[in-house]
file start32.cif (mmCIF, C-alpha atoms and all ligand atoms)
data_input
#
loop_
_atom_site.label_atom_id
_atom_site.label_comp_id
_atom_site.auth_asym_id
_atom_site.auth_seq_id
_atom_site.Cartn_x
_atom_site.Cartn_y
_atom_site.Cartn_z
CA MET A 1367 11.02 10.61 -9.53
CA ARG A 1368 9.23 8.11 -11.77
CA HIS A 1369 9.23 5.06 -9.44
CA LEU A 1370 10.69 4.08 -6.05
CA LEU A 1371 11.83 0.47 -6.40
CA ASP A 1372 14.83 0.11 -4.10
CA THR A 1373 17.51 2.01 -2.22
CA GLN A 1374 20.41 0.20 -3.88
CA THR A 1375 19.96 2.35 -7.01
CA LEU A 1376 18.56 5.42 -5.25
CA ALA A 1377 20.98 8.33 -5.65
CA ARG A 1378 22.18 9.95 -2.44
CA ALA A 1379 20.86 13.34 -3.57
CA GLU A 1380 17.45 11.85 -4.30
CA ALA A 1381 17.35 10.17 -0.89
CA LEU A 1382 18.21 13.46 0.83
CA ARG A 1383 15.52 15.19 -1.25
CA ILE A 1384 12.91 12.70 0.00
CA LEU A 1385 14.07 13.15 3.61
CA ASP A 1386 13.96 16.94 3.33
CA VAL A 1387 10.49 16.97 1.75
CA ALA A 1388 9.42 14.58 4.52
CA GLU A 1389 10.60 17.22 7.01
CA ASP A 1390 8.27 19.72 5.33
CA MET A 1391 5.45 17.21 5.51
CA ALA A 1392 6.16 16.53 9.20
CA ASP A 1393 6.06 20.28 9.87
CA THR A 1394 2.59 20.58 8.35
CA GLN A 1395 1.38 17.65 10.45
CA SER A 1396 2.83 19.14 13.65
CA ARG A 1397 1.06 22.41 12.86
CA GLU A 1398 -2.15 20.38 12.65
CA ILE A 1399 -2.62 21.13 8.98
CA LYS A 1400 -4.22 17.76 8.48
CA LYS A 1401 -4.79 17.93 4.76
CA LEU A 1402 -2.89 19.46 1.82
CA PRO A 1403 -4.56 19.86 -1.59
CA THR A 1404 -1.43 18.77 -3.50
CA LEU A 1405 -2.66 15.48 -4.99
CA ARG A 1406 -6.32 16.35 -5.47
CA GLY A 1407 -7.62 14.41 -8.49
CA LYS A 1408 -4.90 11.73 -8.24
CA THR A 1409 -5.60 8.10 -7.35
CA VAL A 1410 -3.22 5.91 -5.37
CA VAL A 1411 -3.77 2.14 -5.40
CA ASN A 1412 -2.43 0.08 -2.52
CA LEU A 1413 -1.84 -3.34 -4.10
CA PHE A 1414 -1.02 -5.73 -1.26
CA PHE A 1415 -0.32 -9.41 -1.90
CA GLU A 1416 1.08 -9.87 1.63
CA ASP A 1417 -0.27 -8.82 5.02
CA SER A 1418 0.64 -5.41 6.40
CA THR A 1419 -0.46 -3.09 9.18
CA ARG A 1420 2.01 -0.20 9.22
CA THR A 1421 2.95 0.14 5.57
CA ARG A 1422 -0.50 -0.15 4.02
CA ILE A 1423 -2.22 2.13 6.52
CA SER A 1424 0.67 4.57 6.42
CA PHE A 1425 0.49 4.87 2.60
CA GLU A 1426 -3.28 5.28 2.87
CA ALA A 1427 -2.92 8.03 5.47
CA ALA A 1428 -0.17 9.71 3.45
CA ALA A 1429 -2.23 9.73 0.23
CA LYS A 1430 -5.34 11.01 2.00
CA ARG A 1431 -3.42 13.80 3.75
CA LEU A 1432 -2.34 14.94 0.27
CA SER A 1433 -6.02 14.79 -0.86
CA ALA A 1434 -5.52 11.85 -3.24
CA ASP A 1435 -8.19 9.19 -3.66
CA VAL A 1436 -7.13 5.78 -2.37
CA ILE A 1437 -8.09 2.31 -3.55
CA ASN A 1438 -7.04 -0.51 -1.24
CA PHE A 1439 -6.57 -3.92 -2.81
CA ALA A 1440 -5.76 -7.02 -0.76
CA ALA A 1441 -5.03 -10.23 -2.64
CA LYS A 1442 -6.92 -12.18 0.01
CA GLY A 1443 -10.57 -12.20 -1.05
CA SER A 1444 -9.77 -10.93 -4.57
CA SER A 1445 -9.76 -12.64 -7.97
CA VAL A 1446 -6.07 -13.48 -7.39
CA SER A 1447 -7.48 -16.56 -5.61
CA LYS A 1448 -9.06 -17.52 -8.98
CA GLY A 1449 -5.65 -17.34 -10.63
CA GLU A 1450 -5.67 -13.76 -11.97
CA SER A 1451 -2.13 -12.67 -12.82
CA LEU A 1452 -0.21 -9.63 -11.54
CA LYS A 1453 -0.41 -8.12 -15.03
CA ASP A 1454 -4.21 -8.47 -15.28
CA THR A 1455 -4.74 -7.33 -11.70
CA ALA A 1456 -2.58 -4.23 -12.20
CA GLN A 1457 -4.15 -3.36 -15.55
CA THR A 1458 -7.63 -3.75 -14.04
CA LEU A 1459 -6.77 -1.31 -11.28
CA GLU A 1460 -5.14 1.14 -13.67
CA ALA A 1461 -8.31 1.04 -15.77
CA MET A 1462 -10.05 2.39 -12.65
CA GLY A 1463 -7.74 5.40 -12.81
CA ALA A 1464 -4.60 4.60 -10.80
CA ASP A 1465 -1.87 7.25 -11.03
CA ALA A 1466 0.43 5.44 -8.60
CA VAL A 1467 0.57 1.81 -7.50
CA VAL A 1468 2.04 0.93 -4.11
CA ILE A 1469 2.82 -2.77 -4.24
CA ARG A 1470 3.78 -5.36 -1.62
CA HIS A 1471 4.45 -8.80 -3.06
CA PRO A 1472 6.06 -12.05 -1.85
CA ALA A 1473 8.19 -12.31 -5.01
CA SER A 1474 11.46 -10.33 -5.01
CA GLY A 1475 11.44 -8.15 -8.12
CA ALA A 1476 7.66 -7.91 -8.60
CA PRO A 1477 7.63 -4.07 -8.27
CA ARG A 1478 10.43 -3.74 -10.84
CA THR A 1479 8.57 -6.03 -13.22
CA LEU A 1480 5.45 -3.90 -12.81
CA ALA A 1481 7.42 -0.69 -13.39
CA THR A 1482 9.42 -1.84 -16.40
CA SER A 1483 7.17 -4.32 -18.22
CA GLY A 1484 5.04 -1.68 -19.91
CA TRP A 1485 1.89 -3.29 -18.48
CA ILE A 1486 0.88 -0.03 -16.79
CA SER A 1487 1.96 3.60 -16.99
CA ALA A 1488 1.38 4.49 -13.32
CA GLY A 1489 4.29 5.23 -11.02
CA VAL A 1490 5.27 2.24 -8.87
CA VAL A 1491 6.38 2.25 -5.23
CA ASN A 1492 7.86 -0.85 -3.67
CA ALA A 1493 6.19 -1.49 -0.28
CA GLY A 1494 8.23 -4.66 0.31
CA ASP A 1495 9.08 -7.43 -2.17
CA GLY A 1496 10.04 -10.86 -0.90
CA THR A 1497 13.43 -10.76 0.80
CA HIS A 1498 14.66 -8.05 -1.58
CA GLU A 1499 13.89 -4.48 -0.43
CA HIS A 1500 11.51 -2.23 1.53
CA PRO A 1501 12.75 1.24 0.54
CA THR A 1502 10.23 3.43 2.38
CA GLN A 1503 10.99 1.55 5.62
CA ALA A 1504 14.68 2.39 5.21
CA LEU A 1505 13.86 6.01 4.41
CA LEU A 1506 11.70 6.37 7.51
CA ASP A 1507 14.42 4.70 9.59
CA ALA A 1508 17.04 7.12 8.23
CA PHE A 1509 14.63 10.01 8.82
CA THR A 1510 14.15 8.87 12.44
CA ILE A 1511 17.90 8.51 13.09
CA ARG A 1512 18.58 11.93 11.54
CA LYS A 1513 15.76 13.57 13.49
CA ARG A 1514 16.92 12.14 16.82
CA ARG A 1515 20.48 13.23 16.04
CA PHE A 1516 19.95 16.72 14.62
CA GLY A 1517 16.40 17.69 15.68
CA ALA A 1518 15.18 20.87 14.00
CA ASP A 1519 18.51 21.14 12.13
CA SER A 1520 18.03 17.91 10.19
CA ARG A 1521 17.40 19.34 6.73
CA GLY A 1522 20.22 18.80 4.23
CA ARG A 1523 22.24 16.63 6.60
CA ASP A 1524 23.42 13.10 5.92
CA LEU A 1525 24.48 10.46 8.47
CA THR A 1526 28.24 10.73 8.04
CA GLY A 1527 30.09 8.97 10.85
CA ILE A 1528 26.98 7.66 12.60
CA ARG A 1529 27.43 4.04 13.77
CA ILE A 1530 24.46 1.76 13.30
CA VAL A 1531 24.19 -1.88 14.33
CA ILE A 1532 21.55 -4.00 12.57
CA VAL A 1533 20.79 -7.18 14.49
CA GLY A 1534 19.11 -10.44 13.60
CA ASP A 1535 17.59 -12.25 10.66
CA VAL A 1536 19.43 -10.45 7.87
CA LEU A 1537 18.98 -13.37 5.48
CA HIS A 1538 15.22 -12.90 5.16
CA SER A 1539 15.08 -9.15 5.81
CA ARG A 1540 14.17 -6.72 3.05
CA VAL A 1541 14.33 -4.03 5.75
CA ALA A 1542 17.99 -4.84 6.39
CA ARG A 1543 18.88 -4.78 2.68
CA SER A 1544 17.22 -1.42 2.08
CA ASN A 1545 18.80 0.04 5.21
CA VAL A 1546 22.28 -1.18 4.34
CA TRP A 1547 22.29 0.54 0.93
CA LEU A 1548 20.62 3.73 2.12
CA LEU A 1549 22.55 4.19 5.37
CA ALA A 1550 25.86 3.55 3.60
CA ALA A 1551 24.96 6.05 0.85
CA LEU A 1552 24.25 8.61 3.58
CA GLY A 1553 27.69 8.05 5.13
CA ALA A 1554 26.82 5.86 8.12
CA HIS A 1555 28.99 2.97 9.32
CA VAL A 1556 26.83 -0.17 9.34
CA THR A 1557 27.59 -3.31 11.33
CA LEU A 1558 25.47 -6.42 10.89
CA VAL A 1559 25.17 -8.77 13.86
CA THR A 1560 23.57 -12.08 13.02
CA PRO A 1561 23.72 -15.81 13.64
CA PRO A 1562 26.05 -17.37 11.03
CA THR A 1563 23.05 -19.25 9.56
CA LEU A 1564 21.12 -16.01 8.91
CA ILE A 1565 23.68 -14.10 6.84
CA PRO A 1566 23.19 -13.79 3.05
CA GLN A 1567 25.80 -15.41 0.82
CA ASP A 1568 26.55 -12.18 -1.07
CA VAL A 1569 27.19 -10.10 2.07
CA SER A 1570 30.85 -9.65 1.10
CA ASN A 1571 29.58 -7.29 -1.63
CA TRP A 1572 27.68 -5.13 0.86
CA PRO A 1573 29.12 -1.94 2.40
CA VAL A 1574 29.04 -3.38 5.94
CA ARG A 1575 31.07 -5.10 8.61
CA VAL A 1576 29.73 -8.42 9.97
CA LEU A 1577 29.96 -9.57 13.59
CA TYR A 1578 28.36 -12.59 15.21
CA ASP A 1579 28.55 -11.39 18.82
CA LEU A 1580 25.99 -8.79 19.87
CA ASP A 1581 27.81 -7.93 23.09
CA GLU A 1582 30.97 -7.11 21.12
CA ALA A 1583 28.98 -4.75 18.88
CA LEU A 1584 27.23 -3.05 21.81
CA ALA A 1585 30.55 -2.55 23.61
CA GLU A 1586 31.49 -0.13 20.80
CA ASP A 1587 28.75 2.31 21.88
CA PRO A 1588 26.75 2.49 18.63
CA ASP A 1589 24.53 5.49 17.96
CA ALA A 1590 21.61 3.29 16.89
CA VAL A 1591 20.68 -0.37 17.27
CA MET A 1592 18.13 -1.71 14.82
CA MET A 1593 16.53 -4.98 15.85
CA LEU A 1594 15.08 -7.04 13.00
CA ARG A 1595 12.00 -9.21 13.23
CA ILE A 1596 12.70 -12.93 13.21
CA GLN A 1597 10.72 -14.01 10.17
CA LEU A 1598 9.46 -17.35 11.41
CA GLU A 1599 7.16 -17.62 8.38
CA ARG A 1600 10.20 -17.66 6.03
CA MET A 1601 12.34 -19.85 8.30
CA HIS A 1602 13.11 -23.54 8.38
CA ALA A 1603 14.82 -25.46 11.14
CA ALA A 1604 18.31 -25.41 9.60
CA PHE A 1605 18.47 -21.61 9.98
CA PHE A 1606 17.38 -21.27 13.53
CA PRO A 1607 18.80 -22.84 16.71
CA SER A 1608 15.79 -22.31 19.00
CA GLU A 1609 13.86 -19.28 20.13
CA ARG A 1610 15.44 -19.56 23.57
CA GLU A 1611 18.98 -19.75 22.17
CA TYR A 1612 18.32 -16.91 19.73
CA SER A 1613 16.91 -14.68 22.43
CA ARG A 1614 19.85 -15.43 24.77
CA ARG A 1615 22.53 -14.63 22.19
CA TRP A 1616 20.99 -12.04 19.86
CA GLY A 1617 18.01 -10.62 21.76
CA LEU A 1618 17.99 -7.08 23.15
CA ASP A 1619 17.22 -7.99 26.76
CA PRO A 1620 17.16 -5.57 29.74
CA VAL A 1621 20.83 -6.24 30.58
CA ARG A 1622 21.99 -5.34 27.06
CA LEU A 1623 19.62 -2.37 26.98
CA ALA A 1624 21.23 -1.05 30.18
CA ARG A 1625 24.65 -1.13 28.48
CA LEU A 1626 23.62 1.41 25.84
CA THR A 1627 25.15 4.78 26.47
CA GLY A 1628 24.57 8.44 25.63
CA ASP A 1629 21.76 9.13 23.18
CA SER A 1630 21.86 5.69 21.58
CA ILE A 1631 18.49 4.69 20.17
CA VAL A 1632 16.70 1.40 19.52
CA LEU A 1633 14.79 0.91 16.28
CA HIS A 1634 12.50 -1.90 15.17
CA PRO A 1635 10.46 -1.89 11.94
CA GLY A 1636 7.60 -3.85 13.52
CA PRO A 1637 5.75 -6.04 13.97
CA MET A 1638 7.82 -6.99 17.03
CA ASN A 1639 8.24 -10.46 18.50
CA ARG A 1640 8.40 -9.26 22.09
CA GLY A 1641 10.49 -11.60 24.22
CA LEU A 1642 12.29 -13.01 21.18
CA GLU A 1643 14.41 -10.42 19.33
CA ILE A 1644 13.44 -7.56 21.66
CA SER A 1645 12.35 -7.47 25.30
CA ALA A 1646 9.34 -5.48 26.42
CA GLU A 1647 11.73 -3.31 28.47
CA ALA A 1648 13.68 -2.37 25.34
CA ALA A 1649 10.59 -1.91 23.14
CA ASP A 1650 8.97 0.44 25.65
CA SER A 1651 12.08 2.28 26.85
CA PRO A 1652 12.80 5.98 26.21
CA ARG A 1653 15.54 4.84 23.81
CA SER A 1654 12.96 3.07 21.64
CA THR A 1655 11.85 4.92 18.49
CA VAL A 1656 9.32 2.28 17.40
CA LEU A 1657 6.30 4.59 17.50
CA GLU A 1658 8.27 7.58 16.19
CA GLN A 1659 9.17 5.40 13.20
CA VAL A 1660 5.47 4.81 12.57
CA THR A 1661 4.67 8.53 12.79
CA ASN A 1662 7.65 9.44 10.59
CA GLY A 1663 6.58 6.80 8.09
CA VAL A 1664 3.51 8.84 7.17
CA SER A 1665 5.64 11.95 6.48
CA VAL A 1666 8.15 9.97 4.43
CA ARG A 1667 5.40 8.33 2.37
CA MET A 1668 3.74 11.70 1.84
CA ALA A 1669 7.08 12.92 0.48
CA VAL A 1670 7.45 9.91 -1.82
CA LEU A 1671 3.92 10.24 -3.23
CA TYR A 1672 4.37 13.98 -3.62
CA LEU A 1673 7.65 13.62 -5.52
CA LEU A 1674 6.20 10.80 -7.61
CA LEU A 1675 2.95 12.47 -8.56
CA ALA A 1676 3.54 16.21 -8.26
CA GLY A 1677 7.29 16.69 -7.94
CA GLU A 1678 8.13 17.44 -11.56
CA ARG A 1679 5.20 19.70 -12.26
CA ASN A 1680 5.50 21.59 -9.00
CA GLU A 1681 9.27 21.84 -8.69
CA ASP A 1682 8.97 25.43 -7.48
CA GLU A 1683 6.42 24.33 -4.91
CA MET A 1684 8.63 21.71 -3.28
CA GLY A 1685 8.58 23.65 -0.07
CA SER A 1686 4.90 24.37 -0.44
CA PRO A 1687 3.76 22.05 2.34
CA ASN A 1688 5.12 24.77 4.63
CA ALA A 1689 3.61 27.67 2.73
N1 LIG A 1701 7.42 -2.51 8.98
C1 LIG A 1701 6.49 -3.08 8.18
O1 LIG A 1701 6.66 -3.27 6.98
O2 LIG A 1701 5.34 -3.42 8.87
P1 LIG A 1701 4.03 -4.02 8.17
O3 LIG A 1701 4.36 -5.42 7.71
O4 LIG A 1701 2.99 -4.02 9.27
O5 LIG A 1701 3.65 -3.14 7.03
#

call {"tool": "encode", "arguments": {"input": "start32.cif", "output": "structure tokens", "more": "lines below"}}
Ligand code: CP
result
Amino acid sequence: MRHLLDTQTLARAEALRILDVAEDMADTQSREIKKLPTLRGKTVVNLFFEDSTRTRISFEAAAKRLSADVINFAAKGSSVSKGESLKDTAQTLEAMGADAVVIRHPASGAPRTLATSGWISAGVVNAGDGTHEHPTQALLDAFTIRKRRFGADSRGRDLTGIRIVIVGDVLHSRVARSNVWLLAALGAHVTLVTPPTLIPQDVSNWPVRVLYDLDEALAEDPDAVMMLRIQLERMHAAFFPSEREYSRRWGLDPVRLARLTGDSIVLHPGPMNRGLEISAEAADSPRSTVLEQVTNGVSVRMAVLYLLLAGERNEDEMGSPNA
């Protein structure tokens, strides 16, 4: 794998490869092997032009657990405020020895530009670009769904037949886009539930069904319900009725939570707006996988960095995290 830019063009086999290597990484972590020597001598740069808690720290933890050196760059407080361009910033960091650049940027397409412009030769990982994609979030979500479903037998399995409902602000959600492409490629049935004002115009080209009524979707006993964060920072009044109205019609409140059946799980990428798209009861319930998602995110990002920086050379060592 040269770069990880999106899930729309990620081959199913490659996605399964990442999930299976992530299983190996998770095994090493559960056996309290805190550090693997795999990426010793490599440098990973976290290049963040937008705020992040989970993704940035998760990539940092993942790189360090593979013994890579990590350089953290936040646009706030950097020479970006003096007008330095993405090209000059990236080349400056590569001149300090970057082998991989993990980039979060407000502009959709910035990671692809970085990967294809010829400005740098490092591998590029998209950590969230505008409203476009957030591929490692989707991979960790798929990993979490698969793990809850198949447990120790997860390796090699896809999500054929699993019914997943994604609820909320799809229009502004890079998490939703990445999940739609990945989950569909893995064989899941995806239903989007959203206010009519928060659905993208091109949704008819997506491999999904769209509903506007959350109760109708929950009545079908989905295997997983993924609540999206309402992105108030990207919103203007025309999109959004009111927080109260939104919460009443599309929020996962205790009454809706109680209607979930069997082993149905509740996902949220975080950060959560408690009391808006998800109630505290739902966020903290045994069905919630919010903290599992965070834990799994480190394993998935270890797998991505491993395949990016060591995968080709060490093809016969792919299972080596378990060795
Ligand atoms: N899920 C996610 O991307 O969270 P952060 O914005 O905290 O990285």

call {"tool": "atom_distance", "arguments": {"input": "start32.cif", "atom1": "atom CA of A:Lys1430", "atom2": "atom CA of A:Ser1447"}}
result
28.7 Å

call {"tool": "closest_residue", "arguments": {"input": "start32.cif", "among": "A:Thr1458, A:Thr1404, A:Trp1572, A:Val1656", "to": "A:Phe1439", "atoms": "all atoms listed in the file"}}
result
A:Thr1458

call {"tool": "atom_distance", "arguments": {"input": "start32.cif", "atom1": "atom CA of A:Gly1484", "atom2": "atom CA of A:Lys1453"}}
result
9.7 Å

call {"tool": "residues_around", "arguments": {"input": "start32.cif", "residues": "A:Ile1486", "least_positions_apart": "5", "cutoff": "12 Å", "atoms": "only C-alpha atoms", "output": "PyMOL selection string"}}
result
chain A and resi 1452-1467+1477-1481

call {"tool": "write_last_selection", "arguments": {"input": "start32.cif", "atoms": "C-alpha atoms", "output": "compact mmCIF listing (two decimals), in the coordinates of the input"}}
result
# COMPACT_ATOMS: atom_id res chain seq x y z
CA LEU A 1452 -0.21 -9.63 -11.54
CA LYS A 1453 -0.41 -8.12 -15.03
CA ASP A 1454 -4.21 -8.47 -15.28
CA THR A 1455 -4.74 -7.33 -11.70
CA ALA A 1456 -2.58 -4.23 -12.20
CA GLN A 1457 -4.15 -3.36 -15.55
CA THR A 1458 -7.63 -3.75 -14.04
CA LEU A 1459 -6.77 -1.31 -11.28
CA GLU A 1460 -5.14 1.14 -13.67
CA ALA A 1461 -8.31 1.04 -15.77
CA MET A 1462 -10.05 2.39 -12.65
CA GLY A 1463 -7.74 5.40 -12.81
CA ALA A 1464 -4.60 4.60 -10.80
CA ASP A 1465 -1.87 7.25 -11.03
CA ALA A 1466 0.43 5.44 -8.60
CA VAL A 1467 0.57 1.81 -7.50
CA PRO A 1477 7.63 -4.07 -8.27
CA ARG A 1478 10.43 -3.74 -10.84
CA THR A 1479 8.57 -6.03 -13.22
CA LEU A 1480 5.45 -3.90 -12.81
CA ALA A 1481 7.42 -0.69 -13.39

call {"tool": "axis_aligned_box", "arguments": {"input": "start32.cif", "around": "ligand LIG 1701 (chain A)", "padding_each_side": "4 Å", "output": "AutoDock Vina command-line options"}}
result
--center_x 5.2 --center_y -4.0 --center_z 8.1 --size_x 12.4 --size_y 10.9 --size_z 10.3

call {"tool": "closest_residue", "arguments": {"input": "start32.cif", "among": "A:Arg1614, A:Arg1514, A:Arg1378, A:His1555", "to": "A:Pro1652", "atoms": "all atoms listed in the file"}}
result
A:Arg1514

call {"tool": "residues_near_ligand", "arguments": {"input": "start32.cif", "ligand": "ligand LIG 1701 (chain A)", "cutoff": "6 Å", "atoms": "all atoms listed in the file", "output": "ChimeraX atom specification"}}
result
/A:1418-1422,1635-1637

call {"tool": "closest_residue", "arguments": {"input": "start32.cif", "among": "A:Leu1673, A:Val1411, A:Leu1623, A:Ile1437", "to": "A:Ala1493", "atoms": "only C-alpha atoms"}}
result
A:Val1411

call {"tool": "atom_distance", "arguments": {"input": "start32.cif", "atom1": "atom CA of A:Gly1677", "atom2": "atom CA of A:Val1387"}}
result
10.2 Å

call {"tool": "closest_residue", "arguments": {"input": "start32.cif", "among": "A:Asp1579, A:His1602, A:Ala1428, A:Ala1508", "to": "A:Asp1524", "atoms": "all atoms listed in the file"}}
result
A:Ala1508

call {"tool": "residues_near_point", "arguments": {"input": "start32.cif", "point": "(-1.3, 18.8, 1.6)", "cutoff": "6 Å", "atoms": "all atoms listed in the file", "output": "VMD selection string"}}
result
chain A and resid 1401 to 1404 1431 to 1432

call {"tool": "write_last_selection", "arguments": {"input": "start32.cif", "atoms": "C-alpha atoms", "output": "PDB file, in the frame of the given file"}}
result
ATOM      1  CA  LYS A1401      -4.790  17.930   4.760  1.00  0.00           C
ATOM      2  CA  LEU A1402      -2.890  19.460   1.820  1.00  0.00           C
ATOM      3  CA  PRO A1403      -4.560  19.860  -1.590  1.00  0.00           C
ATOM      4  CA  THR A1404      -1.430  18.770  -3.500  1.00  0.00           C
ATOM      5  CA  ARG A1431      -3.420  13.800   3.750  1.00  0.00           C
ATOM      6  CA  LEU A1432      -2.340  14.940   0.270  1.00  0.00           C
TER       7      LEU A1432
END

call {"tool": "closest_residue", "arguments": {"input": "start32.cif", "among": "A:Leu1537, A:Asn1639, A:Thr1394, A:Ala1649", "to": "A:Pro1562", "atoms": "all atoms listed in the file"}}
result
A:Leu1537

call {"tool": "residues_around", "arguments": {"input": "start32.cif", "residues": "A:Leu1626", "least_positions_apart": "2", "cutoff": "8 Å", "atoms": "all atoms listed in the file", "output": "PyMOL selection string"}}
result
chain A and resi 1584+1587-1588+1622-1624+1628+1630
